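Containing mmCIF, C-alpha atoms and all ligand atoms: my_file.cif.
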data_protein
loop_
_atom_site.label_atom_id
_atom_site.label_comp_id
_atom_site.auth_asym_id
_atom_site.auth_seq_id
_atom_site.Cartn_x
_atom_site.Cartn_y
_atom_site.Cartn_z
CA MET W 4 -14.98 36.89 10.48
CA ILE W 5 -14.67 39.56 7.72
CA ASP W 6 -17.44 42.23 7.61
CA GLY W 7 -19.99 39.80 9.06
CA LEU W 8 -18.95 36.94 6.77
CA ASP W 9 -17.35 33.82 8.15
CA VAL W 10 -14.12 32.96 6.27
CA LYS W 11 -15.46 29.45 5.56
CA ASP W 12 -18.20 31.08 3.42
CA PHE W 13 -15.51 31.61 0.78
CA LYS W 14 -14.74 27.89 0.64
CA LEU W 15 -16.36 25.58 -1.86
CA ASP W 16 -18.60 22.88 -0.44
CA LYS W 17 -18.05 19.24 -1.44
CA ASN W 18 -20.42 19.30 -4.41
CA GLU W 19 -18.89 22.51 -5.74
CA LEU W 20 -15.42 21.03 -5.27
CA LYS W 21 -16.43 17.93 -7.26
CA ILE W 22 -17.71 20.11 -10.11
CA GLU W 23 -14.53 22.21 -10.12
CA ILE W 24 -12.36 19.07 -10.04
CA GLU W 25 -14.18 17.66 -13.08
CA LYS W 26 -13.77 20.98 -14.92
CA LEU W 27 -10.02 21.13 -14.22
CA LYS W 28 -9.62 17.46 -15.17
CA ASN W 29 -11.19 18.14 -18.57
CA GLU W 30 -9.04 21.21 -19.07
CA LEU W 31 -5.67 19.64 -18.14
CA ASP W 32 -3.68 16.68 -19.49
CA VAL W 33 -4.06 14.77 -16.23
CA SER W 34 -5.24 11.44 -14.82
CA ILE W 35 -6.21 10.75 -11.22
CA VAL W 36 -5.69 7.40 -9.52
CA ALA W 37 -6.75 6.35 -6.02
CA HIS W 38 -5.97 3.42 -3.74
CA TYR W 39 -8.90 1.49 -2.23
CA TYR W 40 -8.15 2.92 1.23
CA GLN W 41 -8.88 6.52 0.17
CA LYS W 42 -11.92 8.36 1.52
CA ASP W 43 -15.05 7.82 -0.63
CA GLU W 44 -15.19 11.46 -1.77
CA VAL W 45 -11.63 11.26 -3.14
CA PHE W 46 -12.00 7.69 -4.42
CA ASP W 47 -15.07 8.66 -6.49
CA MET W 48 -13.09 11.25 -8.47
CA ALA W 49 -10.42 8.80 -9.72
CA ASP W 50 -10.07 7.60 -13.33
CA PHE W 51 -8.55 4.36 -12.10
CA LYS W 52 -8.76 2.61 -8.72
CA GLY W 53 -6.86 -0.41 -7.52
CA ASP W 54 -4.35 -2.08 -5.22
CA SER W 55 -0.74 -0.91 -5.15
CA LEU W 56 0.41 -3.19 -7.98
CA GLU W 57 -2.51 -2.39 -10.30
CA LEU W 58 -2.13 1.35 -9.71
CA ALA W 59 1.60 1.34 -10.44
CA ARG W 60 1.05 -0.66 -13.65
CA TRP W 61 -1.87 1.43 -14.91
CA ALA W 62 -0.30 4.78 -14.10
CA ALA W 63 3.04 3.92 -15.68
CA LYS W 64 1.27 3.10 -18.97
CA ASP W 65 -1.16 6.04 -18.93
CA GLU W 66 -0.32 8.59 -21.62
CA LYS W 67 -1.35 11.81 -19.89
CA GLU W 68 1.50 14.19 -18.96
CA PHE W 69 0.41 14.57 -15.33
CA LEU W 70 -0.67 11.99 -12.80
CA ILE W 71 -2.28 12.82 -9.48
CA PHE W 72 -1.81 9.92 -7.10
CA CYS W 73 -4.23 9.73 -4.17
CA GLY W 74 -2.51 7.28 -1.86
CA VAL W 75 0.67 7.17 0.20
CA GLY W 76 4.19 8.31 -0.71
CA PHE W 77 5.72 5.01 -1.84
CA MET W 78 2.88 4.55 -4.36
CA GLY W 79 3.53 7.87 -6.12
CA GLN W 80 7.26 7.10 -6.04
CA SER W 81 6.69 3.72 -7.71
CA VAL W 82 5.06 5.41 -10.71
CA LYS W 83 7.91 7.92 -10.97
CA ILE W 84 10.45 5.06 -10.84
CA LEU W 85 8.67 3.18 -13.62
CA SER W 86 7.83 6.18 -15.74
CA PRO W 87 10.39 8.96 -15.07
CA LYS W 88 9.06 11.35 -17.72
CA LYS W 89 5.61 11.44 -16.17
CA ARG W 90 4.97 14.32 -13.78
CA VAL W 91 3.56 12.75 -10.62
CA LEU W 92 1.91 14.91 -7.96
CA MET W 93 0.31 13.86 -4.69
CA PRO W 94 -2.43 15.87 -2.97
CA LYS W 95 -0.66 14.90 0.29
CA ILE W 96 2.75 13.29 0.50
CA ALA W 97 1.49 11.08 3.30
CA CYS W 98 4.06 8.45 4.22
CA CYS W 99 2.87 4.89 4.96
CA ALA W 100 3.81 4.23 8.60
CA MET W 101 5.29 0.84 7.73
CA ALA W 102 7.42 2.22 4.89
CA ARG W 103 8.75 4.83 7.34
CA MET W 104 10.07 2.07 9.62
CA ILE W 105 13.06 1.46 7.36
CA ASP W 106 15.42 3.71 5.40
CA GLY W 107 18.66 3.05 3.54
CA GLU W 108 20.75 3.33 6.69
CA TYR W 109 18.58 0.89 8.71
CA TYR W 110 18.67 -1.47 5.76
CA ASP W 111 22.50 -1.46 5.78
CA THR W 112 22.55 -1.94 9.56
CA ASN W 113 20.35 -5.01 9.27
CA VAL W 114 22.50 -6.50 6.50
CA ALA W 115 25.50 -5.93 8.80
CA ILE W 116 23.66 -7.75 11.64
CA LEU W 117 23.22 -10.78 9.37
CA GLU W 118 26.87 -10.65 8.33
CA LYS W 119 27.86 -10.59 12.01
CA ALA W 120 25.65 -13.63 12.54
CA GLY W 121 27.71 -15.48 9.91
CA ILE W 122 25.64 -14.96 6.74
CA LYS W 123 27.77 -13.47 3.96
CA LYS W 124 26.31 -10.54 1.99
CA GLU W 125 26.58 -12.52 -1.26
CA ASP W 126 24.45 -15.26 0.31
CA ILE W 127 21.54 -12.87 0.98
CA MET W 128 18.70 -12.34 -1.51
CA PRO W 129 16.78 -9.23 -0.39
CA ILE W 130 13.11 -8.72 -1.17
CA THR W 131 11.30 -5.53 -0.31
CA TYR W 132 7.56 -5.19 -0.02
CA ILE W 133 6.42 -2.37 -2.33
CA ASN W 134 5.51 -0.46 0.88
CA SER W 135 9.04 0.96 1.15
CA SER W 136 10.87 4.07 0.03
CA ALA W 137 12.71 4.39 -3.30
CA ASP W 138 15.99 4.42 -1.31
CA VAL W 139 15.28 1.00 0.18
CA LYS W 140 14.17 -0.39 -3.19
CA ALA W 141 17.44 0.92 -4.67
CA LYS W 142 19.51 -0.82 -1.96
CA VAL W 143 17.64 -4.05 -2.67
CA GLY W 144 18.17 -3.65 -6.43
CA GLN W 145 21.92 -3.09 -5.92
CA MET W 146 22.11 -6.35 -3.94
CA GLY W 147 20.43 -8.35 -6.72
CA GLY W 148 17.01 -8.39 -5.08
CA MET W 149 13.52 -7.37 -6.07
CA VAL W 150 10.20 -5.89 -5.02
CA CYS W 151 6.99 -7.78 -4.22
CA THR W 152 3.43 -6.77 -3.38
CA SER W 153 0.89 -8.50 -1.16
CA SER W 154 -0.70 -10.04 -4.26
CA ASN W 155 2.46 -11.69 -5.63
CA ALA W 156 4.74 -12.16 -2.58
CA LYS W 157 4.50 -15.96 -2.70
CA MET W 158 5.42 -16.09 -6.39
CA ILE W 159 8.35 -13.67 -5.93
CA ILE W 160 9.72 -15.55 -2.91
CA THR W 161 9.40 -18.87 -4.75
CA LYS W 162 11.45 -17.42 -7.63
CA ALA W 163 13.98 -15.77 -5.29
CA ARG W 164 14.60 -19.08 -3.53
CA GLU W 165 15.90 -20.56 -6.77
CA SER W 166 19.07 -18.56 -6.01
CA GLY W 167 19.71 -20.88 -3.05
CA LYS W 168 20.29 -17.79 -0.86
CA LYS W 169 18.69 -16.73 2.42
CA ILE W 170 15.82 -14.32 1.88
CA LEU W 171 16.01 -10.99 3.71
CA PHE W 172 12.43 -9.68 3.70
CA VAL W 173 11.81 -5.98 4.46
CA PRO W 174 9.98 -4.14 6.00
CA ASP W 175 6.84 -6.15 6.90
CA ARG W 176 7.56 -8.98 9.34
CA CYS W 177 3.93 -10.14 9.12
CA LEU W 178 3.82 -10.54 5.34
CA GLY W 179 7.22 -12.29 5.43
CA GLN W 180 6.17 -14.68 8.20
CA ASN W 181 2.77 -15.37 6.64
CA ILE W 182 4.30 -16.30 3.30
CA ALA W 183 6.96 -18.45 5.01
CA LYS W 184 4.29 -20.30 6.96
CA GLY W 185 2.15 -20.86 3.86
CA MET W 186 5.17 -22.29 2.02
CA GLY W 187 6.27 -24.47 4.95
CA LEU W 188 9.51 -22.47 5.38
CA GLN W 189 11.34 -21.44 8.53
CA SER W 190 11.24 -17.71 9.35
CA CYS W 191 12.48 -15.36 12.05
CA VAL W 192 12.42 -11.64 12.81
CA ILE W 193 15.79 -9.89 13.20
CA GLY W 194 16.33 -9.30 16.91
CA ASP W 195 13.85 -11.97 18.14
CA GLY W 196 16.68 -13.94 19.75
CA SER W 197 16.80 -16.75 17.22
CA ASP W 198 19.78 -17.57 15.00
CA PRO W 199 19.01 -16.21 11.49
CA LYS W 200 21.16 -19.00 10.03
CA ASP W 201 18.33 -21.42 10.97
CA SER W 202 15.75 -19.52 8.87
CA ASP W 203 14.92 -19.53 5.17
CA ILE W 204 13.21 -16.12 5.39
CA ILE W 205 14.69 -13.51 7.69
CA CYS W 206 12.26 -10.64 8.30
CA TYR W 207 12.97 -7.04 9.22
CA ASN W 208 11.02 -5.96 12.31
CA GLY W 209 8.51 -3.64 10.59
CA PHE W 210 4.73 -3.82 10.63
CA CYS W 211 1.53 -1.99 9.77
CA SER W 212 -0.07 -0.48 12.87
CA VAL W 213 -3.53 -0.54 11.25
CA HIS W 214 -3.41 -4.28 10.56
CA GLN W 215 -2.01 -4.99 14.05
CA LEU W 216 -5.46 -4.05 15.40
CA PHE W 217 -6.95 -7.40 14.40
CA ASP W 218 -6.72 -10.25 16.87
CA THR W 219 -7.66 -13.89 17.35
CA ASP W 220 -10.02 -12.86 20.21
CA ASP W 221 -12.08 -10.98 17.60
CA ILE W 222 -12.15 -14.07 15.39
CA ALA W 223 -13.36 -16.20 18.34
CA PHE W 224 -16.02 -13.57 19.14
CA TYR W 225 -17.43 -13.52 15.58
CA ARG W 226 -17.25 -17.27 15.10
CA GLU W 227 -19.25 -17.79 18.30
CA LYS W 228 -21.77 -15.02 17.53
CA PHE W 229 -22.32 -15.99 13.89
CA PRO W 230 -21.54 -19.67 13.21
CA GLY W 231 -20.60 -20.04 9.54
CA ILE W 232 -19.19 -16.50 9.24
CA LEU W 233 -16.18 -16.18 6.93
CA ILE W 234 -13.05 -14.43 8.19
CA VAL W 235 -11.08 -12.52 5.57
CA ALA W 236 -7.68 -10.93 6.26
CA HIS W 237 -4.94 -8.91 4.55
CA PRO W 238 -1.49 -10.58 4.87
CA GLU W 239 -0.21 -7.56 6.84
CA CYS W 240 -2.21 -9.02 9.77
CA LYS W 241 -0.46 -11.07 12.45
CA VAL W 242 0.43 -14.70 11.66
CA GLU W 243 -2.04 -16.06 14.20
CA VAL W 244 -4.87 -14.03 12.61
CA CYS W 245 -4.04 -15.14 9.05
CA ASP W 246 -3.72 -18.73 10.30
CA GLN W 247 -7.32 -18.71 11.47
CA ALA W 248 -8.74 -16.78 8.49
CA ASP W 249 -10.78 -18.45 5.73
CA PHE W 250 -9.21 -16.22 3.09
CA VAL W 251 -6.02 -14.13 3.05
CA GLY W 252 -5.27 -11.77 0.16
CA SER W 253 -4.30 -8.34 -1.13
CA THR W 254 -6.94 -5.61 -1.29
CA SER W 255 -7.96 -6.58 -4.85
CA GLN W 256 -8.00 -10.27 -3.98
CA ILE W 257 -10.18 -9.53 -0.93
CA ILE W 258 -12.63 -7.52 -3.06
CA LYS W 259 -12.87 -10.33 -5.61
CA PHE W 260 -13.38 -12.96 -2.90
CA ILE W 261 -16.11 -10.98 -1.15
CA LYS W 262 -17.94 -10.18 -4.38
CA GLU W 263 -18.10 -13.90 -5.12
CA GLN W 264 -19.98 -14.62 -1.86
CA PRO W 265 -23.80 -14.57 -1.69
CA LEU W 266 -25.14 -11.43 0.01
CA GLU W 267 -26.55 -13.45 2.92
CA GLN W 268 -23.07 -14.77 3.74
CA LYS W 269 -21.75 -13.07 6.86
CA ILE W 270 -18.15 -11.91 6.53
CA ALA W 271 -15.78 -10.29 9.04
CA VAL W 272 -12.92 -8.46 7.36
CA ALA W 273 -9.49 -7.56 8.71
CA THR W 274 -8.34 -4.62 6.64
CA GLU W 275 -8.80 -0.86 6.30
CA PHE W 276 -12.23 0.64 7.03
CA ASN W 277 -12.94 2.81 3.94
CA MET W 278 -12.49 -0.11 1.58
CA VAL W 279 -14.62 -2.56 3.56
CA ASN W 280 -17.35 -0.02 4.21
CA ARG W 281 -17.65 0.83 0.52
CA LEU W 282 -17.58 -2.77 -0.59
CA ARG W 283 -20.61 -4.29 0.98
CA LYS W 284 -22.98 -2.84 3.57
CA GLU W 285 -24.97 -6.00 4.35
CA ASN W 286 -23.74 -8.86 6.55
CA THR W 287 -20.27 -7.34 6.68
CA TYR W 288 -18.33 -6.75 9.88
CA ILE W 289 -15.01 -5.17 10.69
CA LEU W 290 -12.91 -7.66 12.64
CA SER W 291 -12.07 -5.18 15.38
CA SER W 292 -13.86 -3.07 17.96
CA SER W 293 -11.76 -0.03 17.01
CA LYS W 294 -12.17 1.55 13.57
CA PRO W 295 -9.20 0.49 11.41
CA GLU W 296 -8.57 3.70 9.50
CA CYS W 297 -5.16 4.28 7.97
CA PRO W 298 -4.26 7.79 9.22
CA THR W 299 -1.95 8.56 6.32
CA MET W 300 -4.31 7.28 3.61
CA ASN W 301 -7.03 9.39 5.20
CA GLU W 302 -4.98 12.59 5.06
CA THR W 303 -5.98 13.26 1.43
CA THR W 304 -9.16 15.34 1.11
CA LEU W 305 -11.26 16.55 -1.79
CA GLU W 306 -9.92 20.04 -1.17
CA ASP W 307 -6.31 18.78 -1.45
CA LEU W 308 -7.17 17.13 -4.76
CA TYR W 309 -8.70 20.37 -6.05
CA ASN W 310 -5.67 22.39 -4.90
CA THR W 311 -3.30 19.98 -6.64
CA LEU W 312 -5.19 20.34 -9.93
CA LEU W 313 -5.18 24.10 -9.46
CA SER W 314 -1.41 24.00 -8.86
CA ILE W 315 -0.98 22.32 -12.27
CA LYS W 316 -3.15 24.95 -13.95
CA GLU W 317 -1.22 27.74 -12.24
CA LYS W 318 2.13 25.99 -12.95
CA ARG W 319 3.12 25.73 -9.28
CA PHE W 320 3.15 21.90 -9.34
CA ASP W 321 2.67 21.35 -5.60
CA ASN W 322 4.00 18.13 -4.06
CA GLU W 323 5.62 16.87 -7.24
CA ILE W 324 7.54 13.63 -6.75
CA THR W 325 11.24 13.74 -7.63
CA ILE W 326 13.80 10.95 -7.30
CA SER W 327 17.54 11.22 -7.96
CA GLU W 328 18.62 9.34 -11.09
CA ASP W 329 20.94 6.97 -9.18
CA VAL W 330 18.16 5.91 -6.77
CA ARG W 331 15.67 5.70 -9.63
CA LYS W 332 17.94 3.48 -11.71
CA TRP W 333 18.46 0.89 -8.96
CA SER W 334 14.90 0.98 -7.64
CA TYR W 335 13.70 0.50 -11.24
CA ILE W 336 15.86 -2.61 -11.50
CA ALA W 337 14.29 -4.01 -8.30
CA LEU W 338 10.74 -3.20 -9.49
CA ASN W 339 11.35 -4.48 -13.00
CA ARG W 340 12.65 -7.83 -11.73
CA MET W 341 9.20 -8.24 -10.14
CA PHE W 342 7.42 -7.36 -13.40
CA GLU W 343 9.59 -9.79 -15.33
CA ILE W 344 8.46 -12.59 -13.03
P1 LIG W 401 -2.42 -3.67 -1.39
O1 LIG W 401 -1.18 -3.86 -2.20
O2 LIG W 401 -3.09 -4.96 -1.06
O3 LIG W 401 -3.31 -2.69 -2.04
O4 LIG W 401 -2.02 -3.11 0.03
C1 LIG W 401 -1.42 -1.89 0.21
C2 LIG W 401 -1.44 -1.51 1.62
O5 LIG W 401 -0.83 -0.55 2.01
C3 LIG W 401 -2.17 -2.35 2.56
O6 LIG W 401 -2.07 -1.84 3.83
FE1 LIG W 402 0.87 1.66 5.26
FE2 LIG W 402 -0.65 0.21 6.90
FE3 LIG W 402 -1.62 2.43 5.84
FE4 LIG W 402 -1.22 0.26 4.31
S1 LIG W 402 -2.69 0.48 6.01
S2 LIG W 402 -0.66 2.37 3.81
S3 LIG W 402 0.66 -0.57 5.27
S4 LIG W 402 0.12 2.27 7.30
#

Write out the structure in this file as structure tokens.
Amino acid sequence: MIDGLDVKDFKLDKNELKIEIEKLKNELDVSIVAHYYQKDEVFDMADFKGDSLELARWAAKDEKEFLIFCGVGFMGQSVKILSPKKRVLMPKIACCAMARMIDGEYYDTNVAILEKAGIKKEDIMPITYINSSADVKAKVGQMGGMVCTSSNAKMIITKARESGKKILFVPDRCLGQNIAKGMGLQSCVIGDGSDPKDSDIICYNGFCSVHQLFDTDDIAFYREKFPGILIVAHPECKVEVCDQADFVGSTSQIIKFIKEQPLEQKIAVATEFNMVNRLRKENTYILSSSKPECPTMNETTLEDLYNTLLSIKEKRFDNEITISEDVRKWSYIALNRMFEI
């Protein structure tokens, strides 16, 4: 309290913030992109919205000097890897919990585990889900491997198998196992007690805690309550959930699928709350009794976005993404192999 005034009185409200953000956007050479999981208020301010692959592609081609990426750390890093001259800033450098489950050192340790189990390093073809740090992507690039996203994982694995090598899939065990199952391949998770030599796809033991919330009990509940309901899931969900789903796809693929359904069609969706809630209010259910919000995606607020723009205007450049040239070079190779396919 200052002289009878509450400090919050000096803050801009949401509408004022939106006006100021628009003004700064018009003044500066900047684009804003947002992932589907962002809060509505942030999402609404973006010039381009999409899944992780679409955002990386769009942002790398955009001609503005500055890019503000509303999403999680690996997404901003992907743009910097693809387009090193672009100045990429993030309102919050919020790190995806799954991406944080593996770093370069853990990656090396897991390759060593496979070598100990009798699989030579040169017989391993690593693939990293785009939800990983630049360091991990660089390690994968150095070993001849590539990146995939949830929308192209099957295509990338199919191509990678032409090498005749064992696939080491990091960090998401669920995506790796789901793709293996869909392709009729044998998979295992490192440390699950099985011999990795018996598997075509060997998965690192990482996962998304948000997508672990969805269970087959919830599917049984909705199927009984609403016969004819469609179950839609992101491939970061558990294998048993994806097995029972009517449709499995990336965020963009889920949006497309749902938009194609008649409004009276009941749908229960297993992915992040902000996206589902924005998509369709009628006859739509979240396939979980707890609200599946991604804590890190939700860290970014309208105020953060405003402050980031202000930091460009004032030449402070808060939260600018930087990557060492050696890491960038190898992570670019891993990402580019995906784009070439
Ligand atoms: P998409 O690539 O499908 O947008 O997914 C990113 C993500 O983090 C899902 O949890
Ligand atoms: Fe990462 Fe999961 Fe959040 Fe996606 S939903 S950004 S995988 S923690």

Surrounding residues of region 265-275 of chain W excluding itself and chain neighbours under 3 positions, 10 Å, all atoms listed in the file, as a ChimeraX atom specification: /W:39-41,213-218,221-222,225-226,229-240,244-245,248-251,253-254,257,261-262,278-280,283-291,294-297,300

Counting all atoms listed in the file, the option among W:Asp43, W:Asp307, W:Glu66, W:Glu302 closest to ligand LIG 402 (chain W): W:Glu302

Distance of CA of Ser293 (chain W) from CA of Ile133 (chain W), expressed in Å to one decimal place: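 Here the two named atoms are 26.6 Å from each other.
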
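Using all atoms listed in the file, the nearest neighbour of Phe46 (chain W) within the list W:Met341, W:Leu305, W:Ile122, W:Val192 is W:Leu305.
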
Kindly provide, as an mmCIF file with C-alpha atoms, in the frame of the given file, the polymer residues lying within 8 Å of (2.4, 7.0, -12.0), counting only C-alpha atoms and using the coordinates exactly as they appear in the file.
data_model
loop_
_atom_site.group_PDB
_atom_site.id
_atom_site.type_symbol
_atom_site.label_atom_id
_atom_site.label_comp_id
_atom_site.auth_asym_id
_atom_site.auth_seq_id
_atom_site.Cartn_x
_atom_site.Cartn_y
_atom_site.Cartn_z
ATOM 1 C CA LEU W 58 -2.130 1.350 -9.710
ATOM 2 C CA ALA W 59 1.600 1.340 -10.440
ATOM 3 C CA ARG W 60 1.050 -0.660 -13.650
ATOM 4 C CA TRP W 61 -1.870 1.430 -14.910
ATOM 5 C CA ALA W 62 -0.300 4.780 -14.100
ATOM 6 C CA ALA W 63 3.040 3.920 -15.680
ATOM 7 C CA ASP W 65 -1.160 6.040 -18.930
ATOM 8 C CA LEU W 70 -0.670 11.990 -12.800
ATOM 9 C CA ILE W 71 -2.280 12.820 -9.480
ATOM 10 C CA PHE W 72 -1.810 9.920 -7.100
ATOM 11 C CA GLY W 79 3.530 7.870 -6.120
ATOM 12 C CA GLN W 80 7.260 7.100 -6.040
ATOM 13 C CA SER W 81 6.690 3.720 -7.710
ATOM 14 C CA VAL W 82 5.060 5.410 -10.710
ATOM 15 C CA LYS W 83 7.910 7.920 -10.970
ATOM 16 C CA LEU W 85 8.670 3.180 -13.620
ATOM 17 C CA SER W 86 7.830 6.180 -15.740
ATOM 18 C CA LYS W 89 5.610 11.440 -16.170
ATOM 19 C CA ARG W 90 4.970 14.320 -13.780
ATOM 20 C CA VAL W 91 3.560 12.750 -10.620
#

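Minimum distance to ligand LIG 401 (chain W) across W:Tyr132, W:Phe69, W:Phe224, W:Tyr207 (counting all atoms listed in the file) occurs at W:Tyr132.
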
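Reported to one decimal place, the separation of CA of Lys142 (chain W) from CA of Tyr109 (chain W) is 10.8 Å.
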
For ligand LIG 402 (chain W), the nearest of the candidates W:Gln256, W:Ser334, W:Asn155, W:Ser212, counting only C-alpha atoms and all ligand atoms: W:Ser212

Gap from CA of Gly187 (chain W) to atom FE3 of ligand LIG 402 (chain W) - Å, one decimal: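 Computed distance, CA of Gly187 (chain W) to atom FE3 of ligand LIG 402 (chain W), equals 28.0 Å.
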
Contacts of Ile84 (chain W) at 6 Å (all atoms listed in the file; same-chain gap of 3+ positions) as a list of chain:residue names: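 With the cut-off at 6 Å, the set is W:Ser81, W:Pro87, W:Arg331, W:Tyr335.
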
Nearest residue to Thr325 (chain W) from the set W:Cys99, W:Leu92, W:Leu171, W:Cys191 (distances using all atoms listed in the file): W:Leu92

Protein/DNA/RNA residues near (9.9, -18.6, -4.2), cut 12 Å, all atoms listed in the file, as an MDAnalysis selection string: chainID W and resid 128 130 149 151 155:170 179 182:183 185:188 203:204 341 344

Selected residue, from W:Asn181, W:Asn18, W:Thr299, W:Asn29, that lies nearest to ligand LIG 402 (chain W) when counting all atoms listed in the file: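 Ranked by minimum distance to ligand LIG 402 (chain W), first place goes to W:Thr299.
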
Around ligand LIG 402 (chain W), fit a box with edges along x, y and z, padding it by 6 Å on each side, then list its centre and edge lengths in Å to one decimal as lines of an AutoDock Vina configuration file.
center_x = -0.9
center_y = 0.9
center_z = 5.6
size_x = 15.6
size_y = 15.0
size_z = 15.5
